[in-house]
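Peer 1: Pasting final-v3.cif here (mmCIF, C-alpha atoms):
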data_target
#
loop_
_atom_site.label_atom_id
_atom_site.label_comp_id
_atom_site.auth_asym_id
_atom_site.auth_seq_id
_atom_site.Cartn_x
_atom_site.Cartn_y
_atom_site.Cartn_z
CA MET A 843 -34.39 -51.11 -57.22
CA HIS A 844 -37.16 -53.18 -55.72
CA PHE A 845 -36.40 -54.89 -52.41
CA ASN A 846 -38.58 -57.34 -50.57
CA PRO A 847 -40.49 -55.83 -47.62
CA TYR A 848 -37.64 -56.49 -45.20
CA GLY A 849 -34.93 -55.22 -47.49
CA GLY A 850 -36.97 -52.14 -48.33
CA ALA A 851 -39.13 -50.96 -45.46
CA ALA A 852 -36.95 -52.42 -42.72
CA ALA A 853 -33.70 -51.09 -44.14
CA GLN A 854 -35.29 -47.66 -44.70
CA LEU A 855 -36.45 -47.69 -41.08
CA ALA A 856 -32.91 -48.62 -40.01
CA ALA A 857 -31.54 -45.63 -41.94
CA SER A 858 -34.14 -43.32 -40.39
CA LEU A 859 -33.27 -44.54 -36.90
CA VAL A 860 -29.58 -43.88 -37.55
CA ASN A 861 -30.44 -40.39 -38.86
CA ALA A 862 -32.72 -39.62 -35.90
CA ASP A 863 -31.65 -37.22 -33.20
CA ARG A 864 -29.52 -38.96 -30.58
CA ALA A 865 -31.70 -37.35 -27.93
CA ALA A 866 -34.95 -38.52 -29.56
CA THR A 867 -37.84 -38.94 -27.17
CA ALA A 868 -40.27 -41.85 -27.06
CA ALA A 869 -42.90 -39.68 -28.77
CA HIS A 870 -40.48 -38.73 -31.55
CA LEU A 871 -39.50 -42.36 -32.14
CA LEU A 872 -43.13 -43.48 -32.18
CA ASP A 873 -43.81 -40.80 -34.82
CA LEU A 874 -40.84 -42.08 -36.83
CA LEU A 875 -42.15 -45.67 -36.61
CA ARG A 876 -45.66 -44.48 -37.56
CA ASP A 877 -44.28 -42.54 -40.55
CA HIS A 878 -42.67 -45.76 -41.78
CA GLY A 879 -45.93 -47.68 -41.42
CA TYR A 880 -44.45 -49.91 -38.74
CA LYS A 881 -47.09 -52.26 -37.29
CA PRO A 882 -48.09 -53.23 -34.72
CA LEU A 883 -46.89 -49.91 -33.33
CA GLY A 884 -47.11 -50.58 -29.60
CA THR A 885 -45.78 -48.18 -27.00
CA LEU A 886 -42.39 -46.87 -25.92
CA THR A 887 -41.18 -45.79 -22.51
CA ASP A 888 -38.33 -43.32 -22.12
CA ALA A 889 -36.00 -46.22 -21.24
CA GLN A 890 -37.10 -48.11 -24.37
CA ALA A 891 -36.51 -44.99 -26.46
CA ARG A 892 -32.95 -44.86 -25.15
CA GLU A 893 -32.58 -48.56 -26.09
CA LEU A 894 -33.67 -47.78 -29.67
CA VAL A 895 -31.28 -44.82 -29.91
CA ALA A 896 -28.45 -47.09 -28.70
CA TRP A 897 -29.54 -49.70 -31.27
CA ALA A 898 -29.41 -47.03 -33.99
CA ARG A 899 -25.78 -46.33 -33.08
CA ARG A 900 -25.11 -50.06 -33.52
CA LEU A 901 -26.72 -49.99 -36.99
CA GLU A 902 -24.67 -47.04 -38.22
CA PRO A 903 -21.46 -48.92 -39.20
CA VAL A 904 -23.47 -51.01 -41.67
CA PHE A 905 -24.09 -47.81 -43.68
CA THR A 906 -20.79 -46.01 -43.11
CA GLY A 907 -18.43 -48.88 -43.78
CA GLY A 908 -16.90 -48.68 -40.31
CA ALA A 909 -16.99 -52.46 -39.83
CA ASP A 910 -16.93 -55.78 -41.66
CA HIS A 911 -20.51 -55.61 -42.93
CA VAL A 912 -21.20 -59.33 -42.90
CA ALA A 913 -19.77 -59.94 -39.43
CA HIS A 914 -21.48 -56.87 -38.03
CA VAL A 915 -24.91 -57.74 -39.46
CA ASN A 916 -24.50 -61.31 -38.21
CA GLU A 917 -23.86 -59.92 -34.71
CA LEU A 918 -26.97 -57.75 -34.96
CA LEU A 919 -29.05 -60.70 -36.16
CA ALA A 920 -27.76 -62.95 -33.39
CA GLU A 921 -28.65 -60.36 -30.79
CA ALA A 922 -32.03 -59.34 -32.20
CA ALA A 923 -33.70 -62.09 -34.16
CA ALA A 924 -36.02 -64.72 -32.79
CA ARG A 925 -37.48 -67.61 -34.72
CA PRO A 926 -39.09 -66.34 -37.96
CA TYR A 927 -42.78 -66.99 -38.51
CA VAL A 928 -45.58 -65.88 -40.83
CA SER A 929 -48.05 -63.32 -39.48
CA THR A 930 -51.34 -61.81 -40.71
CA HIS A 931 -51.90 -59.09 -38.08
CA ASP A 932 -53.89 -55.92 -38.76
CA GLY A 933 -55.64 -57.46 -41.77
CA ARG A 934 -52.39 -57.56 -43.72
CA ALA A 935 -51.39 -60.25 -46.18
CA PRO A 936 -49.15 -63.01 -44.80
CA HIS A 937 -45.66 -61.69 -44.13
CA LEU A 938 -42.57 -62.70 -42.18
CA HIS A 939 -41.88 -61.65 -38.62
CA PHE A 940 -38.58 -62.12 -36.85
CA ALA A 941 -39.89 -61.35 -33.36
CA PRO A 942 -43.21 -62.13 -31.64
CA GLU A 943 -45.98 -59.58 -32.34
CA HIS A 944 -46.55 -59.01 -28.64
CA ALA A 945 -42.88 -58.54 -27.75
CA PRO A 946 -41.84 -55.07 -26.57
CA THR A 947 -41.54 -52.56 -29.41
CA PRO A 948 -37.72 -52.21 -29.15
CA ASP A 949 -37.29 -55.99 -29.47
CA ARG A 950 -39.46 -56.09 -32.58
CA VAL A 951 -37.77 -53.05 -34.14
CA ARG A 952 -34.32 -54.55 -33.53
CA ALA A 953 -35.32 -57.82 -35.20
CA PHE A 954 -37.05 -56.00 -38.09
CA THR A 955 -34.14 -53.66 -38.85
CA ALA A 956 -31.45 -56.34 -38.47
CA ALA A 957 -33.35 -58.62 -40.87
CA GLY A 958 -33.88 -55.76 -43.32
CA LEU A 959 -30.20 -54.86 -43.38
CA ALA A 960 -29.33 -58.53 -43.83
CA HIS A 961 -31.62 -58.74 -46.86
CA VAL A 962 -30.08 -55.66 -48.47
CA LEU A 963 -26.57 -56.85 -47.65
CA CYS A 964 -27.29 -60.16 -49.39
CA GLU A 965 -29.01 -58.59 -52.41
CA ASP A 966 -26.71 -55.63 -53.07
CA PRO A 967 -24.50 -54.29 -50.25
CA GLY A 968 -23.59 -51.26 -52.36
CA ARG A 969 -27.12 -49.96 -51.77
CA LEU A 970 -26.29 -49.05 -48.16
CA GLY A 971 -24.44 -45.76 -47.96
CA HIS A 972 -23.79 -42.43 -46.36
CA CYS A 973 -23.78 -38.93 -47.82
CA ALA A 974 -20.55 -38.00 -49.61
CA ARG A 975 -20.80 -34.31 -48.67
CA PRO A 976 -18.22 -33.53 -45.97
CA GLY A 977 -19.93 -32.73 -42.70
CA CYS A 978 -23.15 -34.55 -43.53
CA GLY A 979 -23.61 -37.75 -41.57
CA THR A 980 -26.90 -38.85 -43.14
CA VAL A 981 -27.18 -42.51 -44.16
CA TYR A 982 -29.50 -43.97 -46.79
CA VAL A 983 -30.64 -47.04 -48.68
CA ASP A 984 -30.07 -46.43 -52.38
CA THR A 985 -33.24 -47.42 -54.23
CA SER A 986 -32.28 -45.64 -57.44
CA ARG A 987 -32.44 -47.56 -60.68
CA ASN A 988 -28.70 -47.48 -61.37
CA GLY A 989 -27.50 -47.77 -57.75
CA ARG A 990 -25.08 -44.84 -57.98
CA ARG A 991 -26.41 -42.60 -55.25
CA ARG A 992 -23.70 -40.65 -53.40
CA TYR A 993 -25.65 -37.98 -51.53
CA CYS A 994 -28.55 -38.13 -49.10
CA THR A 995 -30.53 -35.46 -50.95
CA THR A 996 -30.35 -33.30 -54.04
CA ARG A 997 -29.67 -30.39 -51.69
CA CYS A 998 -26.45 -32.00 -50.41
CA ALA A 999 -25.39 -32.89 -53.96
CA ASN A 1000 -25.94 -29.30 -55.09
CA ARG A 1001 -24.02 -27.90 -52.10
CA GLU A 1002 -21.08 -30.16 -52.89
CA GLN A 1003 -21.14 -29.21 -56.58
CA VAL A 1004 -21.21 -25.50 -55.72
CA ALA A 1005 -18.32 -25.96 -53.27
CA ARG A 1006 -16.28 -27.83 -55.93
CA HIS A 1007 -17.02 -25.12 -58.48
CA ARG A 1008 -15.93 -22.39 -56.05
CA ARG A 1009 -12.70 -24.24 -55.25
CA ARG A 1010 -11.90 -24.60 -58.97
CA THR A 1011 -12.63 -20.96 -59.81
CA ALA A 1012 -11.01 -19.41 -56.74
#
Here is the file; what I need is its structure written in the form of structure tokens.
Peer 2:
Amino acid sequence: MHFNPYGGAAAQLAASLVNADRAATAAHLLDLLRDHGYKPLGTLTDAQARELVAWARRLEPVFTGGADHVAHVNELLAEAAARPYVSTHDGRAPHLHFAPEHAPTPDRVRAFTAAGLAHVLCEDPGRLGHCARPGCGTVYVDTSRNGRRRYCTTRCANREQVARHRRRTA
């Protein structure tokens, strides 16, 4: 499924933040942002890294179904979003921003991820999910063609199938 840049890149970043280590350092989080092509990257202090980890915990119920999705995303948007505007930074084509380019990185990431989850929620809320394998807490944005993803990776799907087979044949 094709999402707009916020529903795709931003929601994927939200999932990666949720899946990140709860003790992630500023360097680790900057690498994660860099891997997602997040720009402008900016800097992170240790305190700001803790803010982003706390924000990731707030994003988690959107994927796991632990809250009323619409109300929860509206709370996230109210807390994180500023006035939207069009930007052309870093030689990129015009695109929407929900926080000022020069705001601290955590503020921009919060606005970006909240807006991305809102876009996915409005387009197809069933695309936000968590791995169905017991014991795996990984969340994901389902970009498959048919929207039927149940596992975070093929590895988890295979483990679950093997476990089911062993239970049946035991």
Peer 1: Identify all residues satisfying the PyMOL selection byres ((chain A and resi 990) around 12) in the given file; provide them as a PyMOL selection string.
Peer 2: chain A and resi 843+966+968-974+983-989+991-994
Peer 1: Just to confirm, what's the straight-line distance from atom CA of Ala924 of chain A to atom CA of His878 of chain A in Å (one decimal)?
Peer 2: 22.0 Å
Peer 1: Quick check on the file I pasted: which residues fall under the PyMOL selection byres ((chain A and resi 861-867) around 10)? Write them as number ranges by chain.
Peer 2: A: 855-860, 868-874, 886-892, 894-896, 898-899, 902, 979-982
Peer 1: Which of these residues is nearest to Thr995 of chain A, using all atoms listed in the file: A:Cys978, A:Arg1010, A:Pro903, A:Asp910?
Peer 2: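 Looking at the shortest contact to Thr995 of chain A, the residue is A:Cys978.
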Peer 1: One decimal, Å: what's the distance from atom CA of Gly884 of chain A over to atom CA of Pro946 of chain A, could you say?
Peer 2: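 Pair atom CA of Gly884 of chain A / atom CA of Pro946 of chain A returns 7.6 Å.
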Peer 1: Rounded to one decimal place, report the atom CA of Phe954 of chain A-atom CA of Ala852 of chain A distance in Å.
Peer 2: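 A separation of 5.9 Å between them.
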Peer 1: Give as a JSON list (two decimals) with C-alpha atoms, keeping the file's coordinate frame each residue that has an atom at most 8 Å from (-38.8, -58.9, -29.6) in the file, counting all atoms listed in the file.
Peer 2:
[["chain", "number", "residue", "atom", "x", "y", "z"],
["A", 922, "ALA", "CA", -32.03, -59.34, -32.20],
["A", 923, "ALA", "CA", -33.70, -62.09, -34.16],
["A", 924, "ALA", "CA", -36.02, -64.72, -32.79],
["A", 940, "PHE", "CA", -38.58, -62.12, -36.85],
["A", 941, "ALA", "CA", -39.89, -61.35, -33.36],
["A", 942, "PRO", "CA", -43.21, -62.13, -31.64],
["A", 943, "GLU", "CA", -45.98, -59.58, -32.34],
["A", 944, "HIS", "CA", -46.55, -59.01, -28.64],
["A", 945, "ALA", "CA", -42.88, -58.54, -27.75],
["A", 946, "PRO", "CA", -41.84, -55.07, -26.57],
["A", 947, "THR", "CA", -41.54, -52.56, -29.41],
["A", 948, "PRO", "CA", -37.72, -52.21, -29.15],
["A", 949, "ASP", "CA", -37.29, -55.99, -29.47],
["A", 950, "ARG", "CA", -39.46, -56.09, -32.58],
["A", 951, "VAL", "CA", -37.77, -53.05, -34.14],
["A", 952, "ARG", "CA", -34.32, -54.55, -33.53],
["A", 953, "ALA", "CA", -35.32, -57.82, -35.20]]
Peer 1: Please list as a short mmCIF file (atom, residue, chain, number, x, y, z; two decimals) with C-alpha atoms, in the coordinates of the input every residue within 10 Å of Pro967 of chain A, counting only C-alpha atoms and excluding residues in the same chain fewer than 3 positions away.
Peer 2:
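Listed below is the output, selection-v6.cif:
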data_model
loop_
_atom_site.label_atom_id
_atom_site.label_comp_id
_atom_site.auth_asym_id
_atom_site.auth_seq_id
_atom_site.Cartn_x
_atom_site.Cartn_y
_atom_site.Cartn_z
CA VAL A 904 -23.47 -51.01 -41.67
CA PHE A 905 -24.09 -47.81 -43.68
CA HIS A 911 -20.51 -55.61 -42.93
CA VAL A 912 -21.20 -59.33 -42.90
CA LEU A 959 -30.20 -54.86 -43.38
CA ALA A 960 -29.33 -58.53 -43.83
CA HIS A 961 -31.62 -58.74 -46.86
CA VAL A 962 -30.08 -55.66 -48.47
CA LEU A 963 -26.57 -56.85 -47.65
CA CYS A 964 -27.29 -60.16 -49.39
CA LEU A 970 -26.29 -49.05 -48.16
CA GLY A 971 -24.44 -45.76 -47.96
CA VAL A 983 -30.64 -47.04 -48.68
CA ASP A 984 -30.07 -46.43 -52.38
#
Peer 1: Restricting the calculation to all atoms listed in the file, which member of A:Gly879, A:Gly977, A:Arg925, A:Leu901 is positioned closest to Ala956 of chain A?
Peer 2: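 Among A:Gly879, A:Gly977, A:Arg925, A:Leu901, it is A:Leu901 that comes nearest to Ala956 of chain A.
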Peer 1: Please, what is the axis-aligned box for every listed atom of segment 853-871 of chain A with 5 Å on each side, as centre and edge lengths in Å to one decimal, as lines of an AutoDock Vina configuration file?
Peer 2:
center_x = -36.2
center_y = -44.2
center_z = -35.9
size_x = 23.4
size_y = 23.9
size_z = 27.6
Peer 1: Save segment 889-906 of chain A from what I just supplied, as a CSV table (one decimal), in the first residue's frame, atoms limited to N, CA and C atoms.
Peer 2:
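Wrote it out as selection_18.csv, contents follow:
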chain,number,residue,atom,x,y,z
A,889,ALA,N,19.1,14.0,27.8
A,889,ALA,CA,17.8,14.3,28.3
A,889,ALA,C,16.8,14.2,27.2
A,890,GLN,N,17.1,14.7,26.0
A,890,GLN,CA,16.2,14.7,24.8
A,890,GLN,C,16.0,13.2,24.4
A,891,ALA,N,17.0,12.4,24.5
A,891,ALA,CA,16.9,11.0,24.1
A,891,ALA,C,15.9,10.3,25.1
A,892,ARG,N,15.9,10.7,26.3
A,892,ARG,CA,14.9,10.1,27.3
A,892,ARG,C,13.5,10.6,26.9
A,893,GLU,N,13.4,11.9,26.5
A,893,GLU,CA,12.1,12.4,26.0
A,893,GLU,C,11.6,11.6,24.9
A,894,LEU,N,12.4,11.3,23.9
A,894,LEU,CA,12.0,10.5,22.7
A,894,LEU,C,11.6,9.1,23.1
A,895,VAL,N,12.3,8.5,24.1
A,895,VAL,CA,12.0,7.1,24.5
A,895,VAL,C,10.6,7.2,25.2
A,896,ALA,N,10.4,8.2,26.0
A,896,ALA,CA,9.1,8.3,26.7
A,896,ALA,C,8.0,8.5,25.6
A,897,TRP,N,8.3,9.3,24.6
A,897,TRP,CA,7.3,9.6,23.5
A,897,TRP,C,7.0,8.2,22.8
A,898,ALA,N,8.0,7.4,22.6
A,898,ALA,CA,7.8,6.1,22.0
A,898,ALA,C,6.8,5.3,22.8
A,899,ARG,N,6.9,5.3,24.1
A,899,ARG,CA,6.0,4.6,25.0
A,899,ARG,C,4.6,5.1,24.8
A,900,ARG,N,4.4,6.4,24.5
A,900,ARG,CA,3.1,7.0,24.3
A,900,ARG,C,2.5,6.6,22.9
A,901,LEU,N,3.4,6.3,22.0
A,901,LEU,CA,3.0,5.9,20.6
A,901,LEU,C,2.5,4.4,20.6
A,902,GLU,N,3.1,3.6,21.5
A,902,GLU,CA,2.8,2.2,21.4
A,902,GLU,C,1.4,1.8,21.4
A,903,PRO,N,0.5,2.3,22.2
A,903,PRO,CA,-0.9,1.9,22.2
A,903,PRO,C,-1.6,2.1,20.8
A,904,VAL,N,-1.1,2.9,20.0
A,904,VAL,CA,-1.7,3.1,18.7
A,904,VAL,C,-1.5,1.8,17.8
A,905,PHE,N,-0.4,1.1,18.1
A,905,PHE,CA,-0.1,-0.1,17.3
A,905,PHE,C,-0.7,-1.3,18.0
A,906,THR,N,-0.8,-1.3,19.3
A,906,THR,CA,-1.2,-2.5,20.0
A,906,THR,C,-2.6,-2.6,20.4
